[in-house]
Amino acid sequence: MRYFKESLIRLLYPAHCEFCGKPLALDENLLCETCEQNLEGLAYPLEKSLVDEQFENLDHAWAVYAYVTPLRELLQAVKYRRKDYLLKTFKNPVAKLATSIASECVYNALIPIPLNRVKRIQRQFNQSQILADLLQPFFKLPIWSNLLKKKYFIPSQTSMTREERVINIYGVFKVSSTKQTEGKSFLLVDDVLTTGATASEAARTLKKAGAKRVDLFALAKTNLPIKKEKSSSDEHP
Ligand SMILES: [Zn+2]
């Protein structure tokens, strides 16, 4: 009965693929089959999800997807067009990676990378918080959204090099309770891992307050060139 009702609604109000705009078939939801498959193809296999670059203060970093089309556009729609329901399209690979990490690593809490207050009010949600909510059932851990706070607004980092980002973000976070941090292990949650400067600064702040281990779970990772030697020319512009 429910299926008929849903089908009838779909016939009366045709839905379109959130990425390519093609009308959706009755059994498709949010994305058409082609876009769904393209998205699926961007998920890293489990053994490749552990990011092999080193990020100073992070112990480990995992990413679910490569940050390219159509994932990039879907995530931008989440952030800038407030389509937070689109996070649902990432559910299956997120579940797979979360289950695998949860079976091997022990944490005390999940910590979404905070947005500053003004930005959160403008956007009405923090995408990292929604992602942490998505991960919660697999880790069965509390989400400590108030432990790490962003002290002030920083300019957009999109066009900065890693060095500029590190300077830009230094000191931006504070921990609200050292007592809650001491000796604990945390899994930070963020949407996109670019140079790792933000997550690494969050980890530095938590470790300064006594945290034992800080890892990162990112939804996507930008394709940085593989570094042969550590040199500034290897950083993307
Ligand atoms: Zn499509």
# chains A, B, ... in the order shown; residues from 1 in each chain; ligands from 1

$ closest_atom_pairs --of "stretch 28-64 of chain A" --to "stretch 75-86 of chain A" --cutoff "12 Å" --atoms "only C-alpha atoms" --output "CSV"
residue,atom,partner,partner_atom,distance
A:Asn29,CA,A:Leu86,CA,10.5
A:Leu30,CA,A:Leu86,CA,7.6
A:Leu31,CA,A:Leu86,CA,9.4
A:Leu39,CA,A:Leu75,CA,11.6

$ residues_near_ligand --ligand "ligand 1" --cutoff "7 Å" --atoms "only C-alpha atoms and all ligand atoms" --output "JSON, numbers by chain"
{"A": [17, 18, 19, 20, 21, 22, 31, 32, 33, 34, 35]}

$ write_last_selection --atoms "all heavy atoms" --output "PDB file, in the first residue's frame"
ATOM      1  N   CYS A  17      16.883  13.854 -10.585  1.00  0.00           N
ATOM      2  CA  CYS A  17      18.174  13.520 -10.003  1.00  0.00           C
ATOM      3  C   CYS A  17      18.821  14.789  -9.455  1.00  0.00           C
ATOM      4  O   CYS A  17      18.867  15.810 -10.135  1.00  0.00           O
ATOM      5  CB  CYS A  17      19.062  12.877 -11.061  1.00  0.00           C
ATOM      6  SG  CYS A  17      20.752  12.632 -10.509  1.00  0.00           S
ATOM      7  N   GLU A  18      19.302  14.715  -8.237  1.00  0.00           N
ATOM      8  CA  GLU A  18      19.882  15.884  -7.571  1.00  0.00           C
ATOM      9  C   GLU A  18      21.192  16.317  -8.211  1.00  0.00           C
ATOM     10  O   GLU A  18      21.668  17.412  -7.969  1.00  0.00           O
ATOM     11  CB  GLU A  18      20.128  15.585  -6.088  1.00  0.00           C
ATOM     12  CG  GLU A  18      18.865  15.415  -5.281  1.00  0.00           C
ATOM     13  CD  GLU A  18      18.253  16.748  -4.871  1.00  0.00           C
ATOM     14  OE1 GLU A  18      18.896  17.791  -5.050  1.00  0.00           O
ATOM     15  OE2 GLU A  18      17.114  16.720  -4.355  1.00  0.00           O
ATOM     16  N   PHE A  19      21.779  15.446  -9.022  1.00  0.00           N
ATOM     17  CA  PHE A  19      23.024  15.848  -9.666  1.00  0.00           C
ATOM     18  C   PHE A  19      22.814  16.263 -11.118  1.00  0.00           C
ATOM     19  O   PHE A  19      23.119  17.368 -11.503  1.00  0.00           O
ATOM     20  CB  PHE A  19      24.080  14.745  -9.582  1.00  0.00           C
ATOM     21  CG  PHE A  19      25.351  15.148 -10.280  1.00  0.00           C
ATOM     22  CD1 PHE A  19      26.162  16.134  -9.737  1.00  0.00           C
ATOM     23  CD2 PHE A  19      25.706  14.587 -11.495  1.00  0.00           C
ATOM     24  CE1 PHE A  19      27.308  16.560 -10.391  1.00  0.00           C
ATOM     25  CE2 PHE A  19      26.862  15.000 -12.159  1.00  0.00           C
ATOM     26  CZ  PHE A  19      27.664  15.989 -11.598  1.00  0.00           C
ATOM     27  N   CYS A  20      22.218  15.361 -11.955  1.00  0.00           N
ATOM     28  CA  CYS A  20      22.142  15.654 -13.388  1.00  0.00           C
ATOM     29  C   CYS A  20      20.780  16.203 -13.813  1.00  0.00           C
ATOM     30  O   CYS A  20      20.623  16.653 -14.939  1.00  0.00           O
ATOM     31  CB  CYS A  20      22.502  14.412 -14.194  1.00  0.00           C
ATOM     32  SG  CYS A  20      21.242  13.136 -14.125  1.00  0.00           S
ATOM     33  N   GLY A  21      19.803  16.151 -12.929  1.00  0.00           N
ATOM     34  CA  GLY A  21      18.503  16.730 -13.252  1.00  0.00           C
ATOM     35  C   GLY A  21      17.567  15.833 -14.049  1.00  0.00           C
ATOM     36  O   GLY A  21      16.443  16.196 -14.359  1.00  0.00           O
ATOM     37  N   LYS A  22      18.036  14.631 -14.392  1.00  0.00           N
ATOM     38  CA  LYS A  22      17.201  13.685 -15.153  1.00  0.00           C
ATOM     39  C   LYS A  22      15.987  13.253 -14.319  1.00  0.00           C
ATOM     40  O   LYS A  22      16.142  13.049 -13.113  1.00  0.00           O
ATOM     41  CB  LYS A  22      18.083  12.460 -15.457  1.00  0.00           C
ATOM     42  CG  LYS A  22      17.752  11.736 -16.736  1.00  0.00           C
ATOM     43  CD  LYS A  22      18.708  10.586 -16.940  1.00  0.00           C
ATOM     44  CE  LYS A  22      18.036   9.299 -16.512  1.00  0.00           C
ATOM     45  NZ  LYS A  22      18.908   8.131 -16.605  1.00  0.00           N
ATOM     46  N   LEU A  31      19.102  10.246  -6.471  1.00  0.00           N
ATOM     47  CA  LEU A  31      20.011  10.199  -7.616  1.00  0.00           C
ATOM     48  C   LEU A  31      19.508   9.192  -8.647  1.00  0.00           C
ATOM     49  O   LEU A  31      18.910   8.186  -8.286  1.00  0.00           O
ATOM     50  CB  LEU A  31      21.410   9.764  -7.169  1.00  0.00           C
ATOM     51  CG  LEU A  31      22.180  10.719  -6.249  1.00  0.00           C
ATOM     52  CD1 LEU A  31      23.504  10.081  -5.852  1.00  0.00           C
ATOM     53  CD2 LEU A  31      22.426  12.067  -6.899  1.00  0.00           C
ATOM     54  N   CYS A  32      19.812   9.457  -9.946  1.00  0.00           N
ATOM     55  CA  CYS A  32      19.481   8.476 -10.976  1.00  0.00           C
ATOM     56  C   CYS A  32      20.508   7.338 -10.890  1.00  0.00           C
ATOM     57  O   CYS A  32      21.533   7.477 -10.219  1.00  0.00           O
ATOM     58  CB  CYS A  32      19.487   9.112 -12.353  1.00  0.00           C
ATOM     59  SG  CYS A  32      21.123   9.555 -12.938  1.00  0.00           S
ATOM     60  N   GLU A  33      20.238   6.277 -11.588  1.00  0.00           N
ATOM     61  CA  GLU A  33      21.101   5.097 -11.471  1.00  0.00           C
ATOM     62  C   GLU A  33      22.547   5.404 -11.890  1.00  0.00           C
ATOM     63  O   GLU A  33      23.497   4.981 -11.246  1.00  0.00           O
ATOM     64  CB  GLU A  33      20.528   3.973 -12.323  1.00  0.00           C
ATOM     65  CG  GLU A  33      20.939   2.605 -11.809  1.00  0.00           C
ATOM     66  CD  GLU A  33      20.487   1.505 -12.747  1.00  0.00           C
ATOM     67  OE1 GLU A  33      19.443   1.651 -13.400  1.00  0.00           O
ATOM     68  OE2 GLU A  33      21.224   0.502 -12.825  1.00  0.00           O
ATOM     69  N   THR A  34      22.684   6.166 -12.992  1.00  0.00           N
ATOM     70  CA  THR A  34      24.031   6.501 -13.489  1.00  0.00           C
ATOM     71  C   THR A  34      24.812   7.295 -12.440  1.00  0.00           C
ATOM     72  O   THR A  34      25.974   6.976 -12.136  1.00  0.00           O
ATOM     73  CB  THR A  34      23.923   7.351 -14.782  1.00  0.00           C
ATOM     74  OG1 THR A  34      22.988   6.717 -15.630  1.00  0.00           O
ATOM     75  CG2 THR A  34      25.248   7.493 -15.456  1.00  0.00           C
ATOM     76  N   CYS A  35      24.208   8.331 -11.887  1.00  0.00           N
ATOM     77  CA  CYS A  35      24.900   9.161 -10.892  1.00  0.00           C
ATOM     78  C   CYS A  35      25.193   8.350  -9.627  1.00  0.00           C
ATOM     79  O   CYS A  35      26.244   8.500  -9.013  1.00  0.00           O
ATOM     80  CB  CYS A  35      24.083  10.407 -10.556  1.00  0.00           C
ATOM     81  SG  CYS A  35      23.985  11.538 -11.957  1.00  0.00           S
TER      82      CYS A  35
END

$ residues_around --residues "stretch 194-206 of chain A" --least-positions-apart "5" --cutoff "7 Å" --atoms "only C-alpha atoms" --output "count of residues only"
17

$ closest_residue --among "A:Ser49, A:Thr99, A:Asn168, A:Gln37" --to "A:Pro137" --atoms "only C-alpha atoms"
A:Thr99

$ select_by_dssp --residues "stretch 9-209 of chain A" --states "strand (DSSP E or B)" --output "count of residues only"
30

$ select_by_dssp --residues "stretch 2-237 of chain A" --states "alpha helix (DSSP H)" --output "PyMOL selection string"
chain A and resi 2-12+33-41+71-80+91-104+117-123+127-139+162-169+178-181+197-208

$ atom_distance --atom1 "atom CA of A:Ala102" --atom2 "atom CA of A:Gln129"
18.2 Å

$ atom_distance --atom1 "atom CA of A:Gly171" --atom2 "atom CA of A:Arg72"
28.6 Å

$ atom_distance --atom1 "atom CA of A:Ala63" --atom2 "atom CA of A:Lys208"
25.0 Å

$ closest_atom_pairs --of "stretch 17-119 of chain A" --to "stretch 138-154 of chain A" --cutoff "9 Å" --atoms "only C-alpha atoms" --output "JSON lines"
{"residue": "A:Ala95", "atom": "CA", "partner": "A:Phe138", "partner_atom": "CA", "distance": 7.2}
{"residue": "A:Ala98", "atom": "CA", "partner": "A:Phe138", "partner_atom": "CA", "distance": 6.1}
{"residue": "A:Thr99", "atom": "CA", "partner": "A:Phe138", "partner_atom": "CA", "distance": 5.7}
{"residue": "A:Ile101", "atom": "CA", "partner": "A:Phe139", "partner_atom": "CA", "distance": 8.5}
{"residue": "A:Ala102", "atom": "CA", "partner": "A:Phe139", "partner_atom": "CA", "distance": 5.5}
{"residue": "A:Ser103", "atom": "CA", "partner": "A:Phe139", "partner_atom": "CA", "distance": 8.6}
{"residue": "A:Val106", "atom": "CA", "partner": "A:Phe139", "partner_atom": "CA", "distance": 8.9}
{"residue": "A:Tyr107", "atom": "CA", "partner": "A:Leu141", "partner_atom": "CA", "distance": 7.8}
{"residue": "A:Asn108", "atom": "CA", "partner": "A:Leu141", "partner_atom": "CA", "distance": 6.8}
{"residue": "A:Ala109", "atom": "CA", "partner": "A:Pro142", "partner_atom": "CA", "distance": 5.2}
{"residue": "A:Leu110", "atom": "CA", "partner": "A:Ile143", "partner_atom": "CA", "distance": 4.7}
{"residue": "A:Ile111", "atom": "CA", "partner": "A:Trp144", "partner_atom": "CA", "distance": 5.4}
{"residue": "A:Pro112", "atom": "CA", "partner": "A:Ser145", "partner_atom": "CA", "distance": 6.2}
{"residue": "A:Ile113", "atom": "CA", "partner": "A:Leu148", "partner_atom": "CA", "distance": 7.7}
{"residue": "A:Pro114", "atom": "CA", "partner": "A:Lys149", "partner_atom": "CA", "distance": 6.2}
{"residue": "A:Leu115", "atom": "CA", "partner": "A:Lys150", "partner_atom": "CA", "distance": 6.6}
{"residue": "A:Asn116", "atom": "CA", "partner": "A:Lys150", "partner_atom": "CA", "distance": 5.3}
{"residue": "A:Arg117", "atom": "CA", "partner": "A:Lys150", "partner_atom": "CA", "distance": 8.0}
{"residue": "A:Val118", "atom": "CA", "partner": "A:Phe153", "partner_atom": "CA", "distance": 8.0}
{"residue": "A:Lys119", "atom": "CA", "partner": "A:Phe153", "partner_atom": "CA", "distance": 8.3}

$ write_last_selection --atoms "C-alpha atoms" --output "compact mmCIF listing (two decimals), in the first residue's frame"
# COMPACT_ATOMS: atom_id res chain seq x y z
CA ALA A 95 28.60 2.61 7.15
CA ALA A 98 32.71 3.19 10.13
CA THR A 99 32.02 -0.47 10.93
CA ILE A 101 37.17 1.36 12.12
CA ALA A 102 34.86 0.70 15.07
CA SER A 103 35.92 -2.95 15.11
CA VAL A 106 38.68 2.38 20.68
CA TYR A 107 37.60 5.98 21.24
CA ASN A 108 35.89 7.86 24.01
CA ALA A 109 33.87 10.17 21.81
CA LEU A 110 33.23 11.53 18.33
CA ILE A 111 34.03 15.20 17.80
CA PRO A 112 32.66 17.06 14.78
CA ILE A 113 35.02 19.81 13.61
CA PRO A 114 33.18 22.92 14.77
CA LEU A 115 32.04 25.81 12.62
CA ASN A 116 32.16 29.18 14.27
CA ARG A 117 28.87 30.44 15.62
CA VAL A 118 28.10 32.99 12.91
CA LYS A 119 28.69 30.48 10.14

$ residues_around --residues "A:Asn92" --least-positions-apart "2" --cutoff "12 Å" --atoms "only C-alpha atoms" --output "PDB file with all heavy atoms, in the first residue's frame"
ATOM      1  N   GLU A  36      24.239   7.505  -9.253  1.00  0.00           N
ATOM      2  CA  GLU A  36      24.411   6.633  -8.087  1.00  0.00           C
ATOM      3  C   GLU A  36      25.651   5.754  -8.281  1.00  0.00           C
ATOM      4  O   GLU A  36      26.485   5.611  -7.396  1.00  0.00           O
ATOM      5  CB  GLU A  36      23.154   5.769  -7.945  1.00  0.00           C
ATOM      6  CG  GLU A  36      23.174   4.777  -6.808  1.00  0.00           C
ATOM      7  CD  GLU A  36      22.620   5.351  -5.521  1.00  0.00           C
ATOM      8  OE1 GLU A  36      21.485   5.867  -5.564  1.00  0.00           O
ATOM      9  OE2 GLU A  36      23.325   5.293  -4.503  1.00  0.00           O
ATOM     10  N   LEU A  39      28.853   7.802  -8.194  1.00  0.00           N
ATOM     11  CA  LEU A  39      29.174   8.129  -6.804  1.00  0.00           C
ATOM     12  C   LEU A  39      29.784   6.921  -6.096  1.00  0.00           C
ATOM     13  O   LEU A  39      30.787   7.028  -5.382  1.00  0.00           O
ATOM     14  CB  LEU A  39      27.909   8.597  -6.077  1.00  0.00           C
ATOM     15  CG  LEU A  39      28.078   9.040  -4.629  1.00  0.00           C
ATOM     16  CD1 LEU A  39      28.966  10.274  -4.540  1.00  0.00           C
ATOM     17  CD2 LEU A  39      26.727   9.365  -3.987  1.00  0.00           C
ATOM     18  N   GLU A  40      29.164   5.768  -6.329  1.00  0.00           N
ATOM     19  CA  GLU A  40      29.653   4.536  -5.717  1.00  0.00           C
ATOM     20  C   GLU A  40      31.114   4.270  -6.104  1.00  0.00           C
ATOM     21  O   GLU A  40      31.919   3.838  -5.296  1.00  0.00           O
ATOM     22  CB  GLU A  40      28.793   3.368  -6.208  1.00  0.00           C
ATOM     23  CG  GLU A  40      28.388   2.389  -5.125  1.00  0.00           C
ATOM     24  CD  GLU A  40      27.321   1.471  -5.680  1.00  0.00           C
ATOM     25  OE1 GLU A  40      27.695   0.463  -6.307  1.00  0.00           O
ATOM     26  OE2 GLU A  40      26.129   1.803  -5.516  1.00  0.00           O
ATOM     27  N   ALA A  43      34.022   5.789  -3.971  1.00  0.00           N
ATOM     28  CA  ALA A  43      34.334   5.332  -2.607  1.00  0.00           C
ATOM     29  C   ALA A  43      35.636   4.528  -2.656  1.00  0.00           C
ATOM     30  O   ALA A  43      35.815   3.680  -3.528  1.00  0.00           O
ATOM     31  CB  ALA A  43      33.197   4.482  -2.077  1.00  0.00           C
ATOM     32  N   VAL A  64      36.337   8.422   3.084  1.00  0.00           N
ATOM     33  CA  VAL A  64      35.417   7.502   2.420  1.00  0.00           C
ATOM     34  C   VAL A  64      35.508   7.630   0.893  1.00  0.00           C
ATOM     35  O   VAL A  64      35.553   6.636   0.186  1.00  0.00           O
ATOM     36  CB  VAL A  64      33.957   7.789   2.859  1.00  0.00           C
ATOM     37  CG1 VAL A  64      32.997   6.791   2.222  1.00  0.00           C
ATOM     38  CG2 VAL A  64      33.826   7.763   4.372  1.00  0.00           C
ATOM     39  N   TYR A  65      35.555   8.883   0.404  1.00  0.00           N
ATOM     40  CA  TYR A  65      35.488   9.126  -1.043  1.00  0.00           C
ATOM     41  C   TYR A  65      36.628  10.023  -1.527  1.00  0.00           C
ATOM     42  O   TYR A  65      37.173  10.802  -0.759  1.00  0.00           O
ATOM     43  CB  TYR A  65      34.226   9.923  -1.382  1.00  0.00           C
ATOM     44  CG  TYR A  65      32.916   9.239  -1.244  1.00  0.00           C
ATOM     45  CD1 TYR A  65      32.105   9.495  -0.144  1.00  0.00           C
ATOM     46  CD2 TYR A  65      32.436   8.394  -2.235  1.00  0.00           C
ATOM     47  CE1 TYR A  65      30.846   8.918  -0.029  1.00  0.00           C
ATOM     48  CE2 TYR A  65      31.189   7.818  -2.127  1.00  0.00           C
ATOM     49  CZ  TYR A  65      30.396   8.082  -1.024  1.00  0.00           C
ATOM     50  OH  TYR A  65      29.160   7.517  -0.926  1.00  0.00           O
ATOM     51  N   LEU A  87      23.110  14.160   2.401  1.00  0.00           N
ATOM     52  CA  LEU A  87      24.115  13.342   3.102  1.00  0.00           C
ATOM     53  C   LEU A  87      23.703  11.865   3.117  1.00  0.00           C
ATOM     54  O   LEU A  87      24.534  10.980   3.231  1.00  0.00           O
ATOM     55  CB  LEU A  87      24.348  13.854   4.523  1.00  0.00           C
ATOM     56  CG  LEU A  87      25.216  15.128   4.654  1.00  0.00           C
ATOM     57  CD1 LEU A  87      25.182  15.652   6.069  1.00  0.00           C
ATOM     58  CD2 LEU A  87      26.658  14.867   4.237  1.00  0.00           C
ATOM     59  N   LYS A  88      22.394  11.642   2.982  1.00  0.00           N
ATOM     60  CA  LYS A  88      21.864  10.266   2.945  1.00  0.00           C
ATOM     61  C   LYS A  88      22.442   9.460   1.787  1.00  0.00           C
ATOM     62  O   LYS A  88      22.553   8.247   1.848  1.00  0.00           O
ATOM     63  CB  LYS A  88      20.336  10.312   2.763  1.00  0.00           C
ATOM     64  CG  LYS A  88      19.574  10.219   4.065  1.00  0.00           C
ATOM     65  CD  LYS A  88      18.103  10.048   3.770  1.00  0.00           C
ATOM     66  CE  LYS A  88      17.426  11.405   3.716  1.00  0.00           C
ATOM     67  NZ  LYS A  88      16.063  11.445   3.290  1.00  0.00           N
ATOM     68  N   THR A  89      22.778  10.151   0.684  1.00  0.00           N
ATOM     69  CA  THR A  89      23.277   9.431  -0.494  1.00  0.00           C
ATOM     70  C   THR A  89      24.648   8.801  -0.234  1.00  0.00           C
ATOM     71  O   THR A  89      25.126   8.002  -1.021  1.00  0.00           O
ATOM     72  CB  THR A  89      23.364  10.354  -1.736  1.00  0.00           C
ATOM     73  OG1 THR A  89      24.198  11.460  -1.414  1.00  0.00           O
ATOM     74  CG2 THR A  89      22.015  10.863  -2.157  1.00  0.00           C
ATOM     75  N   PHE A  90      25.299   9.196   0.862  1.00  0.00           N
ATOM     76  CA  PHE A  90      26.630   8.658   1.175  1.00  0.00           C
ATOM     77  C   PHE A  90      26.586   7.511   2.179  1.00  0.00           C
ATOM     78  O   PHE A  90      27.621   7.009   2.613  1.00  0.00           O
ATOM     79  CB  PHE A  90      27.534   9.765   1.753  1.00  0.00           C
ATOM     80  CG  PHE A  90      27.514  11.048   0.972  1.00  0.00           C
ATOM     81  CD1 PHE A  90      27.377  12.283   1.607  1.00  0.00           C
ATOM     82  CD2 PHE A  90      27.636  11.017  -0.406  1.00  0.00           C
ATOM     83  CE1 PHE A  90      27.368  13.461   0.873  1.00  0.00           C
ATOM     84  CE2 PHE A  90      27.624  12.200  -1.149  1.00  0.00           C
ATOM     85  CZ  PHE A  90      27.484  13.423  -0.502  1.00  0.00           C
ATOM     86  N   VAL A  94      29.837   4.997   3.954  1.00  0.00           N
ATOM     87  CA  VAL A  94      30.141   5.558   5.287  1.00  0.00           C
ATOM     88  C   VAL A  94      29.969   4.459   6.329  1.00  0.00           C
ATOM     89  O   VAL A  94      30.824   4.253   7.194  1.00  0.00           O
ATOM     90  CB  VAL A  94      29.226   6.778   5.604  1.00  0.00           C
ATOM     91  CG1 VAL A  94      29.238   7.112   7.090  1.00  0.00           C
ATOM     92  CG2 VAL A  94      29.667   8.001   4.800  1.00  0.00           C
ATOM     93  N   ALA A  95      28.878   3.700   6.202  1.00  0.00           N
ATOM     94  CA  ALA A  95      28.599   2.614   7.149  1.00  0.00           C
ATOM     95  C   ALA A  95      29.700   1.555   7.099  1.00  0.00           C
ATOM     96  O   ALA A  95      30.143   1.054   8.134  1.00  0.00           O
ATOM     97  CB  ALA A  95      27.248   1.989   6.830  1.00  0.00           C
ATOM     98  N   LYS A  96      30.154   1.240   5.892  1.00  0.00           N
ATOM     99  CA  LYS A  96      31.166   0.205   5.720  1.00  0.00           C
ATOM    100  C   LYS A  96      32.479   0.603   6.417  1.00  0.00           C
ATOM    101  O   LYS A  96      33.059  -0.188   7.177  1.00  0.00           O
ATOM    102  CB  LYS A  96      31.409   0.004   4.216  1.00  0.00           C
ATOM    103  CG  LYS A  96      31.798  -1.393   3.847  1.00  0.00           C
ATOM    104  CD  LYS A  96      31.591  -1.614   2.359  1.00  0.00           C
ATOM    105  CE  LYS A  96      32.941  -1.777   1.686  1.00  0.00           C
ATOM    106  NZ  LYS A  96      32.894  -1.806   0.234  1.00  0.00           N
ATOM    107  N   LEU A  97      32.931   1.820   6.156  1.00  0.00           N
ATOM    108  CA  LEU A  97      34.188   2.264   6.756  1.00  0.00           C
ATOM    109  C   LEU A  97      34.047   2.422   8.272  1.00  0.00           C
ATOM    110  O   LEU A  97      34.924   2.006   9.035  1.00  0.00           O
ATOM    111  CB  LEU A  97      34.656   3.580   6.115  1.00  0.00           C
ATOM    112  CG  LEU A  97      35.983   4.132   6.639  1.00  0.00           C
ATOM    113  CD1 LEU A  97      37.121   3.122   6.489  1.00  0.00           C
ATOM    114  CD2 LEU A  97      36.359   5.434   5.928  1.00  0.00           C
ATOM    115  N   ALA A  98      32.917   2.987   8.695  1.00  0.00           N
ATOM    116  CA  ALA A  98      32.705   3.185  10.133  1.00  0.00           C
ATOM    117  C   ALA A  98      32.715   1.847  10.870  1.00  0.00           C
ATOM    118  O   ALA A  98      33.328   1.715  11.936  1.00  0.00           O
ATOM    119  CB  ALA A  98      31.387   3.919  10.368  1.00  0.00           C
ATOM    120  N   THR A  99      32.066   0.843  10.297  1.00  0.00           N
ATOM    121  CA  THR A  99      32.021  -0.474  10.932  1.00  0.00           C
ATOM    122  C   THR A  99      33.430  -1.046  11.062  1.00  0.00           C
ATOM    123  O   THR A  99      33.801  -1.604  12.098  1.00  0.00           O
ATOM    124  CB  THR A  99      31.152  -1.448  10.101  1.00  0.00           C
ATOM    125  OG1 THR A  99      29.911  -0.815   9.847  1.00  0.00           O
ATOM    126  CG2 THR A  99      30.914  -2.757  10.821  1.00  0.00           C
ATOM    127  N   LEU A 134      25.490  10.473  11.648  1.00  0.00           N
ATOM    128  CA  LEU A 134      25.428   9.327  10.740  1.00  0.00           C
ATOM    129  C   LEU A 134      26.357   8.198  11.228  1.00  0.00           C
ATOM    130  O   LEU A 134      26.070   7.016  11.066  1.00  0.00           O
ATOM    131  CB  LEU A 134      25.881   9.805   9.359  1.00  0.00           C
ATOM    132  CG  LEU A 134      25.248   9.247   8.101  1.00  0.00           C
ATOM    133  CD1 LEU A 134      23.776   9.585   8.047  1.00  0.00           C
ATOM    134  CD2 LEU A 134      25.934   9.848   6.868  1.00  0.00           C
ATOM    135  N   LEU A 135      27.493   8.579  11.824  1.00  0.00           N
ATOM    136  CA  LEU A 135      28.481   7.594  12.288  1.00  0.00           C
ATOM    137  C   LEU A 135      28.108   6.987  13.641  1.00  0.00           C
ATOM    138  O   LEU A 135      28.516   5.878  13.962  1.00  0.00           O
ATOM    139  CB  LEU A 135      29.851   8.267  12.460  1.00  0.00           C
ATOM    140  CG  LEU A 135      30.534   8.814  11.215  1.00  0.00           C
ATOM    141  CD1 LEU A 135      31.875   9.419  11.584  1.00  0.00           C
ATOM    142  CD2 LEU A 135      30.740   7.696  10.211  1.00  0.00           C
ATOM    143  N   PHE A 138      27.274   3.270  14.534  1.00  0.00           N
ATOM    144  CA  PHE A 138      28.327   2.265  14.326  1.00  0.00           C
ATOM    145  C   PHE A 138      29.348   2.276  15.453  1.00  0.00           C
ATOM    146  O   PHE A 138      29.910   1.255  15.807  1.00  0.00           O
ATOM    147  CB  PHE A 138      29.018   2.485  12.976  1.00  0.00           C
ATOM    148  CG  PHE A 138      28.043   2.539  11.857  1.00  0.00           C
ATOM    149  CD1 PHE A 138      27.620   3.748  11.336  1.00  0.00           C
ATOM    150  CD2 PHE A 138      27.491   1.365  11.369  1.00  0.00           C
ATOM    151  CE1 PHE A 138      26.672   3.796  10.328  1.00  0.00           C
ATOM    152  CE2 PHE A 138      26.549   1.395  10.358  1.00  0.00           C
ATOM    153  CZ  PHE A 138      26.137   2.615   9.844  1.00  0.00           C
ATOM    154  N   LEU A 219      34.705  12.580   5.186  1.00  0.00           N
ATOM    155  CA  LEU A 219      33.839  12.029   4.151  1.00  0.00           C
ATOM    156  C   LEU A 219      34.596  11.924   2.833  1.00  0.00           C
ATOM    157  O   LEU A 219      34.485  10.948   2.117  1.00  0.00           O
ATOM    158  CB  LEU A 219      32.595  12.912   3.971  1.00  0.00           C
ATOM    159  CG  LEU A 219      31.608  12.410   2.927  1.00  0.00           C
ATOM    160  CD1 LEU A 219      30.983  11.098   3.377  1.00  0.00           C
ATOM    161  CD2 LEU A 219      30.544  13.430   2.641  1.00  0.00           C
TER     162      LEU A 219
END
